[in-house]
Each structure stands twice: as structure tokens, then as C-alpha cells.
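> Let me give you the structure first, and then I'll get to my questions.
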Amino acid sequence: MSAAASSEEAVKAAKVLMVGAGGIGCELLKTLALSGFSDIHIIDLDTIEVSNLNRQFLFRQSHVGQSKANVTVHVKGKTECYECQPKPVPKSYPVCTITSTPSKFVHCIVWAKDLLFAKLFGDKKQDNDLNVHSKDDTSSKTDVFERSVDEDLEQYTQRIYDHVFGYNIEVALDNKETWKNRRKPNPIYIRDALPEDAVQQNGRSQDHVNEEQDPSAMVSLGLRNTQEIWSLADNSRVFLEALKLFFEKREKEIGSLIFDKDDQLAVEFVTAAANIRASSFGIPLHSLFEAKGVAGNIVHAVATTNAIIAGLIVIEAIKVLKGDYQDYR
């Protein structure tokens, strides 16, 4: 039997366990199948999300929400599911770091996503560590985040901005002990970030937006590049516009929303909020593309790189089957 025939038989007889059916996994499965491997078992605890579709070519829109392992394996009548296995616990940070002394951009993202976004748009009954009392508050029962029935939306968005980025920072600065060995944050009020005429004109370009499109602060403001790092002024504009759009276009969802990295308006709001807070604490700002990756725990991958890596993996696997130990890489 020739070496080529022997190698082909070894490939056909091999049993392969593939762990992960994501970016590299999709490419690897394709390359294994095209190389002649036929007995392939797949384990993946994850489900398919919209953000996967641009590079994980085995999945379609109709597959969103389904198990990656189940969708990639097509066995007549039966598929095996490993979703019941416990998933690793996400990394957590001390509450005091998130609420008072952030030192990394991820701390600002967690604050914007798990505290501010949840307070404004999520379940009102859930506990939240944000300060809800304003400096003019004479009653401990008043929640500054609640919008009164007759309150103008523009006034409300600016009031929220000044409370979370201005007044709350001033409150934190009152604790002198905290800042003995730390850089003090700078309170940021809307008047510091945007001139009054810019605040009044904010989002006027939305008049030209297609009503059938999902609401987007970037579209309303004419911002197009998700990999551009916005200035403090632009982040402030996005924050105000995103907050306004939630109340104008998605008011029925307020009270039940949970942050989703595939929700463009939610990502815009969290990016802007995290960047404004980062600016206050002297932390470098990030683009929406980068912020989305941090908020959604995404490791960005390029499809061509995945394909190259998958090909190299299969080449090495064939060497193992042939016993070609001298050429291992």
C-alpha cells in the first residue's frame, strides 16, 4: 500500500473530538470534512448569537439562540447536546471599585452596563448601588432616575448626565481618605462637555433617518466609524441621544431591558457612558468596537486568520496519524 493510500485510510478511520464550534471551530470542521475525516464529535456549550454570523459561516439567522454543537452536527434523527454542563462563572469586580475607584476601562464598562443601564432601563425592583439622591433632595424616598410625567425629555437626559457624571463624583470626592493615594476624578457636567447650542441641536439629523431602521444614536448624529475613538463631546452627544431614543422609540421596553451586545442602541449608550466616566477618572477612552468587545466578552477574530489556523491544525493532525513525528511543529 502506498504512503498516500495509507494516509487516506488513517484519516477515514480516525475519530476526532472537536471542542468549540465558534470562529475557528467552523473553519476547522469544514477543513476536517474536506480532508476526509468522517467521524467527528463536537462539544460546544455556547449558543449562536447575531454577532457570530459575520464570520461563523455554518450559522444562519434562523439558527440564533440554538446550540452551536447541535447546528453544526447533522445526524439523521439525533444530535448530542452538552449545554447542560455548567459554564464558567464570569469574572467579577469589587463593588467599591466599580462604584467609587475605577482604574481600568473594564470597570467603567461594568458600571455603565450593570449599574447605569440596569437602573435606567431594567427591572426597577432589583437592587442597585447607584446613588439615587440629588443634592436638592430633601426626601430619602425620591429617586433621581425617575422621570416625572410632565418633565421635558431634553431636561431629563441632561439631569441624568449631571447627576451621574457630576454630582455623584462630587459626593465621592467628599471621602478625603479614599483619595490620599489615588488620582482624584474630575466631576463632569453637561455644560463642561458641550456648549448650550450643541446640546439644543443634538440629534437633529435624526429627522432624515429611515423610520423602519432600528434607532441608533450614531445614525442620528451622523457618526459612522465604530473604530473611531470619540471625544468627550461626542460621547456626551451619544449619551444624551441614546437615552432620548430609548424613551422616544422603545419606551414600552423600559423596565424589562437587559443589556445585549447585539442591541446597537444599548451598546452605544454603554460605550458613551463608560467613556465619559473613564474621562472623569483619567482612564483612556475606547472606540465602540473595543467597548462592545469588553461589554460582551468578545475576542475579535478575523475570518481569514481562523481559516489559516484551522488548516494548520489539520495538517498537524494528519502528521500525528501518519506517525510523522520528525515533522511536528
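Going through the C-alpha cells in order, the chains are called A, B, and so on, while each chain numbers its residues from 1 and the ligands are numbered from 1 in the order shown.
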Please, which residues of range 142-292 of chain A, numbered as in this document, come out alpha helix (DSSP H) from DSSP, as a PyMOL selection string?
chain A and resi 153-162+168-173+190-193+196-201+217-221+232-249+264-280+288-292
> Tell me which protein, DNA and RNA residues are within 10 Å of Leu130 in chain A, counting only C-alpha atoms, leaving out same-chain ones fewer than 5 positions away, and put them as a PyMOL selection string.
chain A and resi 99+111+115-116+119+145+164+168
> So that I can see what lies close to Ala21 in chain A, please list as number ranges by chain the residues with an atom at most 12 Å from it, counting only C-alpha atoms and leaving out residues fewer than 4 positions away in the same chain.
A: 17, 25-30, 40-48, 52, 55-59, 67-73, 306, 310
> Nearest to Leu321 in chain A: which of A:Leu194, A:Val16, A:Leu232, A:Leu153 is it, counting only C-alpha atoms?
A:Val16
> With only C-alpha atoms as the basis for distance, which of A:Phe289, A:Trp179, A:Tyr161, A:Phe281 is at the shortest distance from Ala242 in chain A?
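Counting only C-alpha atoms, the residue closest to Ala242 in chain A is A:Tyr161.
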